[in-house]
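Undergrad: Shown below is the structure under consideration.
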Amino acid sequence: MIEQVVASKKVKPIDCQHYINGQYVPSINGKTFENINPATKEVLGTVAEGGKEEIDLAVQAAKRALKGPWKKLSTDERIKVIRKIGDIILERKDELAMLETLDTGKPLSLASSLDIPRAAYNFHFFADYMRGIGTEAFETDSTAINYSVRRPTGVIGIINPWNLPLLLLTWKLAPALAMGNTVVIKPAELTPTTATLLGEICRDAGVPDGVVNIVHGFGPNSAGSALSEHPNIDAISFTGETTTGKIIMKSAAESLKKLSYELGGKNPNIIFADSDLDEVIETTLKSSFVNQGEVCMCGSRIYVERPVYDQFLEKFTAKAKELVVGDPLDSKTNVGALISEEHYNRVKSYIEIAKEEGGEILIGGKTPEELKDKGYYLEPTIIVGLDHNCRVVREEIFGPVVTVIPFDTEEEVIELANDTYYGLSASVWTNNLRRAHRVAGEIEAGIVWVNTWFLRDLRTPFGGTKQSGIGREGGAHGLEFYSELKNICIKL
């Protein structure tokens, strides 16, 4: 079904089928679509194109499994299965990292060091975390005792993005399984491979048939809409673009599904003059350009206090020029290929808009000459001279493109940071402890990093405000979504 990755870093054709009720199956009508390597434009293989019929089969399997052997497992037995999934991911780390790189165009070094280890850790974390989960009890004088018990939410629909495919899928799947749910997954059509392989990994770990189901396909009028509309899907966890989230919400409203969203972001990176500029620049290179800027928490709006604005720009530009754009399989590569031709053209269009709006492209904005005929590559791009109200400053670009704007006062930069429809994350750089607490408290975002970025403790709540999301994931907050609390009242 999926051919083994060979040592030469080349692969045989990779064909992805649906995984339903413990079996890999083609689409009922035999339809497929091509999976393209964005770094080479080569066809990796074909993908089964599912729709309403395949989703219905997967939901039926999940509903049966919800009342079957999965329910009968003790908590300890379920924990062992979930931990085993993480173990197998680590055992197959090299293979999974290669497949993730071929699907996404991201550097293999990033997939090996971040995506796959974190995917495994998501299962290990929730396996361990389950052992400490409790509920509450209340004694009503001498009249009654009330206690709460957790039960699975039911059949969970997971709709996954293409930028961190396995990492973000496991971030949802692990807590869903930990609470005893069954799932139907609709992977992003651009990155189907590691999701497909996850079905085999779950089976090998001892997950019963029907507990995990995977249906490939597209969004509107296809597998995505069929999943969000299905009356027997009890909840949907979605990570992706804000507009798509609104469409899913409308579809889910008919059956009042629970929703958990992590949506878009246009995140501020606020740099005060008293911060350690070398540390700032090292981290800002990552928060701007890691994974080709295709990270919803990238700090794409950089605000720099005026006394160090010129110094920051000089150092930041020089360091960004040193980043290597190229073959994702080359260990020297820092920036790989964008996910698709469509997305490449979209990101490029914002660079043209920046020029029209009076912006100056300090570096980047183009494809390296030697890569023009190979894949969807774009140099790290730094733009200055734009007003805060310009589209490039306000709209999510999701590529290696950042704007840098000076500010004069703390009050001014807080107002600029909050003047957005989004509210996912922010970074604040200062060595003034009082200012750090003060500014972090005023920023309208689900997570604010102080003197760091992308540092996560999985016990803490994660999610966005405004149009960046609904609900929180992480630790007990994620388990809350994937379970229902039942109160039992005993009269004494």
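Ordered as shown in the structure tokens, chains take letters A, B, and onward, while each chain numbers its residues from 1 and ligands are numbered from 1 in the order shown.
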Please provide as a PyMOL selection string all residues within 6 Å of Leu102 in chain A, with the sequence filter that same-chain residues fewer than 3 positions apart are discarded (counting only C-alpha atoms).

TA: chain A and resi 37+99+105

Undergrad: For the structure I just gave you, how does DSSP split range 132-354 of chain A - specifically, which residues are helix (DSSP H, G or I)? Reply as number ranges by chain.

TA: A: 132, 165-178, 193-205, 223-229, 242-253, 277-293, 306-321, 341-354

Undergrad: I want to know what sits within 9 Å of range 157-159 of chain A, based on only C-alpha atoms, with residues of the same chain fewer than 4 positions away left out; could you give that as a list in words?

TA: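 Here the qualifying residues turn out to be Val59, Leu169, Lys172, Leu173, Thr182, Val183, Val184, Ile185, Lys186, Pro187, Ala188, Gly224, Leu227, Ser228, Ile233, Asp234, Ala235, Ile236, Ser237, Phe238, Thr239 and Gly240 of chain A.
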
Undergrad: Take CA of Glu360 in chain A and CA of Gln292 in chain A and report the distance between them in Å, one decimal.

TA: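 Result for CA of Glu360 in chain A versus CA of Gln292 in chain A: 20.6 Å, one decimal.
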
Undergrad: Find the spatial neighbours of Pro268 in chain A, counting only C-alpha atoms, within a cut-off of 9 Å - ignore same-chain residues fewer than 6 positions away - and output them as a count of residues only.

TA: 13

Undergrad: At most 10 Å is the cut-off: for each residue in range 201-306 of chain A with any atom that close to an atom of range 398-415 of chain A, write down the nearest atom pair and the distance in Å rounded to one decimal, counting only C-alpha atoms, chain first then increasing number, as CSV.

TA:
```
residue,atom,partner,partner_atom,distance
A:Gly264,CA,A:Phe398,CA,9.0
A:Gly265,CA,A:Phe398,CA,8.9
A:Lys266,CA,A:Phe398,CA,9.0
A:Pro268,CA,A:Val413,CA,9.4
A:Asn269,CA,A:Val404,CA,9.4
A:Ile270,CA,A:Val413,CA,7.6
A:Ile271,CA,A:Phe407,CA,9.4
A:Phe272,CA,A:Glu410,CA,8.7
A:Ser287,CA,A:Pro400,CA,9.8
A:Ser288,CA,A:Pro400,CA,6.5
A:Phe289,CA,A:Pro400,CA,5.0
A:Val290,CA,A:Pro400,CA,8.0
A:Asn291,CA,A:Pro400,CA,8.4
A:Gln292,CA,A:Pro400,CA,5.1
A:Gly293,CA,A:Gly399,CA,4.3
A:Glu294,CA,A:Phe398,CA,4.9
A:Val295,CA,A:Phe398,CA,6.8
A:Cys296,CA,A:Phe398,CA,7.2
A:Met297,CA,A:Phe398,CA,9.6
A:Cys298,CA,A:Phe398,CA,8.2
A:Gly299,CA,A:Val402,CA,7.8
A:Ser300,CA,A:Val402,CA,4.6
A:Arg301,CA,A:Thr403,CA,5.4
A:Ile302,CA,A:Val404,CA,4.7
A:Tyr303,CA,A:Ile405,CA,5.0
A:Val304,CA,A:Pro406,CA,4.8
A:Glu305,CA,A:Phe407,CA,4.9
A:Arg306,CA,A:Pro406,CA,5.3
```

Undergrad: Could you state the separation of CA of Ala273 in chain A and CA of Gly358 in chain A in Å, given to one decimal place?

TA: 26.4 Å

Undergrad: Need to verify the contact set: Val25 in chain A, 12 Å, only C-alpha atoms, exclusion of same-chain residues closer than 3 positions in sequence. Can you return it as a PyMOL selection string?

TA: chain A and resi 1+15-22+28-31+47-50+54+57-58+196+199+213-216

Undergrad: Please extract the residues of range 268-443 of chain A with a backbone DSSP assignment of strand (DSSP E or B) and present them as a JSON list (two decimals) with N, CA and C atoms, in the first residue's frame.

TA:
```json
[["chain", "number", "residue", "atom", "x", "y", "z"],
["A", 268, "PRO", "N", 1.85, 39.25, 16.21],
["A", 268, "PRO", "CA", 2.84, 40.30, 16.45],
["A", 268, "PRO", "C", 4.07, 39.78, 17.18],
["A", 269, "ASN", "N", 5.23, 40.26, 16.78],
["A", 269, "ASN", "CA", 6.49, 39.99, 17.45],
["A", 269, "ASN", "C", 7.03, 41.34, 17.90],
["A", 270, "ILE", "N", 6.91, 41.63, 19.20],
["A", 270, "ILE", "CA", 7.17, 42.97, 19.74],
["A", 270, "ILE", "C", 8.55, 43.00, 20.38],
["A", 271, "ILE", "N", 9.42, 43.88, 19.89],
["A", 271, "ILE", "CA", 10.81, 43.91, 20.34],
["A", 271, "ILE", "C", 11.11, 45.27, 20.97],
["A", 301, "ARG", "N", 4.28, 39.83, 11.89],
["A", 301, "ARG", "CA", 4.25, 41.30, 12.08],
["A", 301, "ARG", "C", 5.31, 41.64, 13.13],
["A", 302, "ILE", "N", 6.42, 42.20, 12.70],
["A", 302, "ILE", "CA", 7.51, 42.50, 13.62],
["A", 302, "ILE", "C", 7.49, 43.99, 13.95],
["A", 303, "TYR", "N", 7.34, 44.31, 15.23],
["A", 303, "TYR", "CA", 7.35, 45.70, 15.70],
["A", 303, "TYR", "C", 8.61, 45.91, 16.53],
["A", 304, "VAL", "N", 9.41, 46.92, 16.17],
["A", 304, "VAL", "CA", 10.69, 47.16, 16.82],
["A", 304, "VAL", "C", 10.72, 48.58, 17.37],
["A", 305, "GLU", "N", 11.08, 48.69, 18.66],
["A", 305, "GLU", "CA", 11.17, 50.02, 19.28],
["A", 305, "GLU", "C", 12.23, 50.85, 18.54],
["A", 325, "VAL", "N", 18.09, 28.36, 0.91],
["A", 325, "VAL", "CA", 16.85, 27.92, 0.28],
["A", 325, "VAL", "C", 17.20, 26.82, -0.71],
["A", 335, "VAL", "N", 15.32, 26.56, 4.35],
["A", 335, "VAL", "CA", 14.00, 26.89, 3.82],
["A", 335, "VAL", "C", 13.73, 26.02, 2.60],
["A", 337, "ALA", "N", 10.48, 24.09, 0.07],
["A", 337, "ALA", "CA", 9.51, 24.54, -0.93],
["A", 337, "ALA", "C", 8.16, 24.82, -0.28],
["A", 360, "GLU", "N", 8.95, 48.52, 0.72],
["A", 360, "GLU", "CA", 10.27, 48.26, 0.16],
["A", 360, "GLU", "C", 10.68, 46.83, 0.51],
["A", 361, "ILE", "N", 11.05, 46.05, -0.51],
["A", 361, "ILE", "CA", 11.49, 44.68, -0.29],
["A", 361, "ILE", "C", 12.98, 44.72, 0.02],
["A", 362, "LEU", "N", 13.33, 44.56, 1.30],
["A", 362, "LEU", "CA", 14.75, 44.63, 1.68],
["A", 362, "LEU", "C", 15.53, 43.44, 1.14],
["A", 363, "ILE", "N", 14.98, 42.25, 1.31],
["A", 363, "ILE", "CA", 15.59, 41.04, 0.73],
["A", 363, "ILE", "C", 14.47, 40.10, 0.31],
["A", 377, "TYR", "N", 9.73, 27.34, -4.70],
["A", 377, "TYR", "CA", 10.64, 27.94, -3.73],
["A", 377, "TYR", "C", 10.50, 29.46, -3.71],
["A", 381, "THR", "N", 11.66, 36.80, 2.85],
["A", 381, "THR", "CA", 11.34, 38.14, 2.37],
["A", 381, "THR", "C", 11.05, 39.07, 3.54],
["A", 382, "ILE", "N", 11.75, 40.19, 3.58],
["A", 382, "ILE", "CA", 11.57, 41.21, 4.63],
["A", 382, "ILE", "C", 11.08, 42.49, 3.96],
["A", 383, "ILE", "N", 9.96, 43.01, 4.45],
["A", 383, "ILE", "CA", 9.33, 44.20, 3.86],
["A", 383, "ILE", "C", 9.26, 45.31, 4.90],
["A", 384, "VAL", "N", 9.64, 46.51, 4.51],
["A", 384, "VAL", "CA", 9.54, 47.68, 5.39],
["A", 384, "VAL", "C", 8.78, 48.79, 4.65],
["A", 401, "VAL", "N", 7.40, 35.50, 4.57],
["A", 401, "VAL", "CA", 7.26, 36.94, 4.32],
["A", 401, "VAL", "C", 6.90, 37.64, 5.63],
["A", 402, "VAL", "N", 7.72, 38.62, 6.03],
["A", 402, "VAL", "CA", 7.43, 39.39, 7.25],
["A", 402, "VAL", "C", 7.52, 40.88, 6.96],
["A", 403, "THR", "N", 6.80, 41.65, 7.76],
["A", 403, "THR", "CA", 6.91, 43.10, 7.72],
["A", 403, "THR", "C", 7.56, 43.59, 9.02],
["A", 404, "VAL", "N", 8.32, 44.66, 8.93],
["A", 404, "VAL", "CA", 8.98, 45.24, 10.10],
["A", 404, "VAL", "C", 8.57, 46.71, 10.19],
["A", 405, "ILE", "N", 8.03, 47.09, 11.35],
["A", 405, "ILE", "CA", 7.49, 48.42, 11.56],
["A", 405, "ILE", "C", 8.04, 48.98, 12.88],
["A", 406, "PRO", "N", 8.51, 50.24, 12.89],
["A", 406, "PRO", "CA", 8.99, 50.82, 14.15],
["A", 406, "PRO", "C", 7.83, 51.32, 15.02],
["A", 407, "PHE", "N", 8.08, 51.39, 16.33],
["A", 407, "PHE", "CA", 7.11, 52.00, 17.25],
["A", 407, "PHE", "C", 7.86, 52.82, 18.29],
["A", 425, "SER", "N", -1.36, 34.09, 18.70],
["A", 425, "SER", "CA", -0.17, 34.15, 19.56],
["A", 425, "SER", "C", 0.52, 35.49, 19.41],
["A", 426, "ALA", "N", 1.49, 35.72, 20.28],
["A", 426, "ALA", "CA", 2.32, 36.93, 20.23],
["A", 426, "ALA", "C", 3.62, 36.64, 20.95],
["A", 427, "SER", "N", 4.65, 37.40, 20.60],
["A", 427, "SER", "CA", 5.92, 37.35, 21.32],
["A", 427, "SER", "C", 6.28, 38.74, 21.80],
["A", 428, "VAL", "N", 6.80, 38.83, 23.03],
["A", 428, "VAL", "CA", 7.23, 40.10, 23.60],
["A", 428, "VAL", "C", 8.67, 39.94, 24.06],
["A", 429, "TRP", "N", 9.53, 40.85, 23.63],
["A", 429, "TRP", "CA", 10.95, 40.79, 23.99],
["A", 429, "TRP", "C", 11.32, 42.01, 24.82]]
```

Undergrad: If we count only C-alpha atoms and set the cut-off at 10 Å, which residues sit around Cys202 in chain A, ignoring sequence neighbours fewer than 2 positions away in its own chain? Please answer as a list in words.

TA: Gly22, Val81, Ile82, Lys84, Ile85, Gly86, Ile88, Ile89, Leu197, Leu198, Gly199, Glu200, Asp204, Ala205, Gly206, Val207, Pro208, Asp209, Val211 and Val212 of chain A

Undergrad: What does the file look like for those residues with C-alpha atoms, as a short mmCIF file (atom, residue, chain, number, x, y, z; two decimals), in the first residue's frame?

TA:
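Okay, this is what ended up in part-v3.cif:
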```
data_model
loop_
_atom_site.label_atom_id
_atom_site.label_comp_id
_atom_site.auth_asym_id
_atom_site.auth_seq_id
_atom_site.Cartn_x
_atom_site.Cartn_y
_atom_site.Cartn_z
CA GLY A 22 -9.14 -1.68 9.97
CA VAL A 81 -2.17 0.97 23.33
CA ILE A 82 -1.81 4.76 23.10
CA LYS A 84 2.56 1.88 21.84
CA ILE A 85 1.43 4.15 18.98
CA GLY A 86 4.07 6.66 20.07
CA ILE A 88 6.05 2.72 16.78
CA ILE A 89 6.21 6.28 15.43
CA LEU A 197 0.50 5.28 7.33
CA LEU A 198 -0.88 6.17 10.76
CA GLY A 199 -3.74 3.72 10.17
CA GLU A 200 -1.23 0.86 9.89
CA ASP A 204 0.03 -2.59 14.85
CA ALA A 205 -0.26 -0.92 18.26
CA GLY A 206 -3.46 -2.84 19.02
CA VAL A 207 -6.15 -0.28 18.20
CA PRO A 208 -9.31 -2.27 17.39
CA ASP A 209 -10.85 -2.10 13.92
CA VAL A 211 -11.65 3.03 16.16
CA VAL A 212 -9.46 5.03 13.75
#
```

Undergrad: From the list A:Val149, A:Ile156, A:Ala111, A:Ile281, which residue is nearest Ala137 in chain A when using only C-alpha atoms?

TA: A:Val149

Undergrad: Could you check the closest approach to Asn35 in chain A for each of A:Glu352, A:Pro192, A:Glu379, A:Asp310 and tell me which residue wins, using only C-alpha atoms?

TA: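 With only C-alpha atoms as the atom set, the closest residue is A:Pro192.
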